[in-house]
Amino acid sequence: MKDIRNTAFAMPLTNPSYPRGPYRFIDREFLTITYRTDMEALRRVVPEPLEIPEPIVKYEFIRMPDSTGFGDYTESGQVIPVTLNGVAGGYVHSMYLNDEAPIAGGREIWGFPKKLAEPALRVEKDTLIGTLNIGSVRVATGTMGYKHRTLETDKVLKSLAAPSYLLKIIPHVDCTPRICELVRYYTTDVTVKGAWEGPAALELHSHALAPVAELPVREVLSAVHLLTDLTLGLGEVMHDYLAKA
C-alpha cells in the first residue's frame, strides 16, 4: 500500500497515459475568432463566482506540433471572457481534440473540458482555415485572411498572460461528485514568434454531443493568428463547490 502511495501519479498505475509536467509547447499556432453572442446563453454555462462583463466568446483552433509528453495534436473550442474579483481572464467552456494523452491529462490534472473529435488548422492558398468535425459531421468552420496585418507583440503577450479558469469535475465511484472545483491556471515563458490580424468568418452547426452552436454567432468582432512557444502552468483551486460552508 505504501508503494502505491509513493509511485502513483496517473492511470494506469504502471504506465500512465501522460508524463508529469511541466508541459512545454513549441510552435503552438492559434486561430482565435472573437464574436458577439447572447448574454442569456452565456449565463447558462458560466459558473459562479465568475462574472460575465459582456456577451463575447473566443472560438479557438489551436495546432500543437511539438508538446512535451502530449506529442502532435490539434484542438478547437470556446473560451468566454470573464472576471473573478475584478481580474479579467477566460473561462474555458469547451475543447475538442484528437489525441488521447492530452485528453486524459487535461481532464485529470486541470479539469479541461476535453472531448475526442477531429479539429484541423491549415493554410489554403490565401486563407487560414480552422475546422472541427465530430466523426463525419462538420461542427465549426473558421476562416481568416492569411497574415493581412501584423499585430504588436506587447498586446499579444498581455492577453496570453491573463488567467484562465476551468470547472474540474471528477465523479466518485457511486457517480456522485468527488471533486468539483474552480481551477485557475496561467501560461508562462511565452515567446511570440508571429502575430497577425485580418478579416474573418465563423460558422457553427448544431450537434447533440458538441453543442458549440448553443453560443450562437451574432457578429464576428475580430480574429488573430498567433505563432508561439509557451509553457502550460499547473493549476490552483480558487473555489471548492463541495466544501462545507
# chains A, B, ... in the order shown; residues from 1 in each chain; ligands from 1
>>> select_by_dssp(residues="region 23-180 of chain A", states="strand (DSSP E or B)", output="PyMOL selection string")
chain A and resi 23-36+51+56-67+71-84+87-97+114-116+118-124+127-134+137-145+149-150+164-171+177-180
>>> residues_around(residues="Val190 (chain A)", least_positions_apart="3", cutoff="9 Å", atoms="only C-alpha atoms", output="list in words")
Leu157, Leu160, Ala161, Thr187, Thr228, Asp229, Leu230 and Thr231 of chain A
>>> closest_atom_pairs(of="region 76-128 of chain A", to="region 46-69 of chain A", cutoff="10 Å", atoms="only C-alpha atoms", output="CSV")
residue,atom,partner,partner_atom,distance
A:Ser76,CA,A:Phe61,CA,4.4
A:Gly77,CA,A:Glu60,CA,5.4
A:Gln78,CA,A:Tyr59,CA,4.6
A:Val79,CA,A:Lys58,CA,5.1
A:Ile80,CA,A:Val57,CA,4.8
A:Pro81,CA,A:Ile56,CA,6.6
A:Val82,CA,A:Ile52,CA,4.8
A:Thr83,CA,A:Glu51,CA,5.2
A:Leu84,CA,A:Leu50,CA,5.2
A:Asn85,CA,A:Leu50,CA,8.2
A:Gly86,CA,A:Glu51,CA,8.7
A:Val87,CA,A:Glu51,CA,10.0
A:Ala88,CA,A:Pro53,CA,9.1
A:Gly89,CA,A:Leu50,CA,9.6
A:Gly90,CA,A:Lys58,CA,9.0
A:Tyr91,CA,A:Val46,CA,7.5
A:Val92,CA,A:Val46,CA,9.3
A:His93,CA,A:Val46,CA,7.7
A:Ser94,CA,A:Tyr59,CA,9.6
A:Met95,CA,A:Glu60,CA,9.0
A:Tyr96,CA,A:Phe61,CA,9.5
A:Leu97,CA,A:Ile62,CA,9.4
A:Ala101,CA,A:Gly69,CA,7.8
A:Pro102,CA,A:Gly69,CA,8.4
A:Gly105,CA,A:Gly69,CA,9.7
A:Pro119,CA,A:Phe61,CA,7.5
A:Ala120,CA,A:Phe61,CA,7.3
A:Leu121,CA,A:Arg63,CA,6.2
A:Arg122,CA,A:Arg63,CA,8.8
>>> closest_residue(among="A:Leu226, A:Val139, A:Met238, A:Ala201", to="Thr34 (chain A)", atoms="only C-alpha atoms")
A:Ala201
>>> select_by_dssp(residues="region 30-178 of chain A", states="alpha helix (DSSP H)", output="ChimeraX atom specification")
/A:39-43,100-105,153-160
>>> residues_around(residues="Leu209 (chain A)", least_positions_apart="4", cutoff="12 Å", atoms="only C-alpha atoms", output="list in words")
Ser94, Met95, Tyr96, Lys115, Leu116, Ala117, Asn133, Ile134, Gly135, Val137, Val139, His205, Ala213 and Glu214 of chain A
>>> atom_distance(atom1="CA of Ala10 (chain A)", atom2="CA of Tyr186 (chain A)")
22.0 Å
>>> decode(residues="region 76-173 of chain A", atoms="C-alpha atoms", output="mmCIF file, in the first residue's frame")
data_model
loop_
_atom_site.group_PDB
_atom_site.id
_atom_site.type_symbol
_atom_site.label_atom_id
_atom_site.label_comp_id
_atom_site.auth_asym_id
_atom_site.auth_seq_id
_atom_site.Cartn_x
_atom_site.Cartn_y
_atom_site.Cartn_z
ATOM 1 C CA SER A 76 -10.700 23.532 -31.017
ATOM 2 C CA GLY A 77 -13.171 25.103 -28.624
ATOM 3 C CA GLN A 78 -14.696 28.111 -26.922
ATOM 4 C CA VAL A 79 -13.284 30.463 -24.276
ATOM 5 C CA ILE A 80 -15.546 33.033 -22.608
ATOM 6 C CA PRO A 81 -14.047 36.306 -21.306
ATOM 7 C CA VAL A 82 -14.897 36.614 -17.595
ATOM 8 C CA THR A 83 -13.756 38.330 -14.421
ATOM 9 C CA LEU A 84 -13.054 36.977 -10.941
ATOM 10 C CA ASN A 85 -12.708 39.521 -8.129
ATOM 11 C CA GLY A 86 -12.345 42.200 -10.780
ATOM 12 C CA VAL A 87 -9.482 40.470 -12.630
ATOM 13 C CA ALA A 88 -10.093 39.733 -16.308
ATOM 14 C CA GLY A 89 -9.477 36.220 -17.620
ATOM 15 C CA GLY A 90 -11.062 33.485 -19.699
ATOM 16 C CA TYR A 91 -13.367 30.583 -18.808
ATOM 17 C CA VAL A 92 -12.639 27.502 -20.930
ATOM 18 C CA HIS A 93 -16.106 26.263 -21.859
ATOM 19 C CA SER A 94 -15.416 23.531 -24.440
ATOM 20 C CA MET A 95 -12.457 21.750 -26.045
ATOM 21 C CA TYR A 96 -12.342 19.103 -28.773
ATOM 22 C CA LEU A 97 -9.101 17.356 -29.769
ATOM 23 C CA ASN A 98 -7.631 14.332 -31.496
ATOM 24 C CA ASP A 99 -5.062 12.850 -29.064
ATOM 25 C CA GLU A 100 -5.700 10.616 -26.048
ATOM 26 C CA ALA A 101 -2.774 11.761 -23.861
ATOM 27 C CA PRO A 102 -3.781 15.451 -23.642
ATOM 28 C CA ILE A 103 -7.445 14.484 -23.271
ATOM 29 C CA ALA A 104 -6.607 12.314 -20.244
ATOM 30 C CA GLY A 105 -4.015 14.677 -18.776
ATOM 31 C CA GLY A 106 -6.051 17.800 -19.375
ATOM 32 C CA ARG A 107 -9.150 16.388 -17.699
ATOM 33 C CA GLU A 108 -7.387 14.676 -14.780
ATOM 34 C CA ILE A 109 -4.841 17.374 -13.824
ATOM 35 C CA TRP A 110 -6.522 20.709 -14.533
ATOM 36 C CA GLY A 111 -10.122 19.874 -15.396
ATOM 37 C CA PHE A 112 -10.048 20.889 -19.069
ATOM 38 C CA PRO A 113 -13.423 20.044 -20.689
ATOM 39 C CA LYS A 114 -11.838 17.898 -23.407
ATOM 40 C CA LYS A 115 -13.670 15.515 -25.756
ATOM 41 C CA LEU A 116 -12.443 13.404 -28.684
ATOM 42 C CA ALA A 117 -13.032 14.904 -32.143
ATOM 43 C CA GLU A 118 -11.261 15.844 -35.399
ATOM 44 C CA PRO A 119 -10.154 19.501 -35.460
ATOM 45 C CA ALA A 120 -7.757 20.893 -38.067
ATOM 46 C CA LEU A 121 -5.909 24.131 -38.814
ATOM 47 C CA ARG A 122 -4.302 24.699 -42.207
ATOM 48 C CA VAL A 123 -3.469 27.306 -44.852
ATOM 49 C CA GLU A 124 -5.281 27.020 -48.185
ATOM 50 C CA LYS A 125 -3.879 29.487 -50.707
ATOM 51 C CA ASP A 126 -4.580 32.935 -49.151
ATOM 52 C CA THR A 127 -6.820 31.729 -46.318
ATOM 53 C CA LEU A 128 -6.170 30.302 -42.850
ATOM 54 C CA ILE A 129 -8.855 27.659 -42.239
ATOM 55 C CA GLY A 130 -9.900 26.037 -38.973
ATOM 56 C CA THR A 131 -12.401 23.185 -38.922
ATOM 57 C CA LEU A 132 -13.985 20.904 -36.341
ATOM 58 C CA ASN A 133 -15.579 17.592 -37.280
ATOM 59 C CA ILE A 134 -17.337 15.136 -34.986
ATOM 60 C CA GLY A 135 -16.995 11.941 -36.975
ATOM 61 C CA SER A 136 -18.250 12.835 -40.455
ATOM 62 C CA VAL A 137 -20.280 15.842 -39.264
ATOM 63 C CA ARG A 138 -18.891 19.392 -39.622
ATOM 64 C CA VAL A 139 -19.488 21.373 -36.431
ATOM 65 C CA ALA A 140 -17.370 24.526 -36.901
ATOM 66 C CA THR A 141 -15.583 26.350 -39.717
ATOM 67 C CA GLY A 142 -13.451 29.441 -39.180
ATOM 68 C CA THR A 143 -11.668 31.367 -41.923
ATOM 69 C CA MET A 144 -9.260 34.311 -41.820
ATOM 70 C CA GLY A 145 -7.285 36.216 -44.417
ATOM 71 C CA TYR A 146 -3.699 34.974 -44.156
ATOM 72 C CA LYS A 147 -1.333 37.422 -42.413
ATOM 73 C CA HIS A 148 -3.069 40.599 -43.557
ATOM 74 C CA ARG A 149 -1.774 42.893 -40.793
ATOM 75 C CA THR A 150 0.947 42.444 -38.182
ATOM 76 C CA LEU A 151 -0.024 42.833 -34.522
ATOM 77 C CA GLU A 152 2.040 44.426 -31.765
ATOM 78 C CA THR A 153 3.745 41.740 -29.695
ATOM 79 C CA ASP A 154 3.221 43.579 -26.396
ATOM 80 C CA LYS A 155 -0.581 43.398 -26.717
ATOM 81 C CA VAL A 156 -0.426 39.707 -27.563
ATOM 82 C CA LEU A 157 1.818 38.938 -24.573
ATOM 83 C CA LYS A 158 -0.579 40.792 -22.261
ATOM 84 C CA SER A 159 -3.543 38.750 -23.490
ATOM 85 C CA LEU A 160 -1.649 35.450 -23.097
ATOM 86 C CA ALA A 161 -0.611 36.400 -19.549
ATOM 87 C CA ALA A 162 -4.223 36.645 -18.321
ATOM 88 C CA PRO A 163 -5.533 33.844 -16.080
ATOM 89 C CA SER A 164 -7.768 31.073 -17.389
ATOM 90 C CA TYR A 165 -10.439 29.215 -15.435
ATOM 91 C CA LEU A 166 -11.790 25.663 -15.548
ATOM 92 C CA LEU A 167 -14.565 23.755 -13.816
ATOM 93 C CA LYS A 168 -12.913 20.490 -12.732
ATOM 94 C CA ILE A 169 -15.426 17.681 -12.116
ATOM 95 C CA ILE A 170 -14.343 14.167 -11.102
ATOM 96 C CA PRO A 171 -17.053 11.668 -10.080
ATOM 97 C CA HIS A 172 -16.963 9.269 -7.132
ATOM 98 C CA VAL A 173 -17.340 5.512 -7.692
#
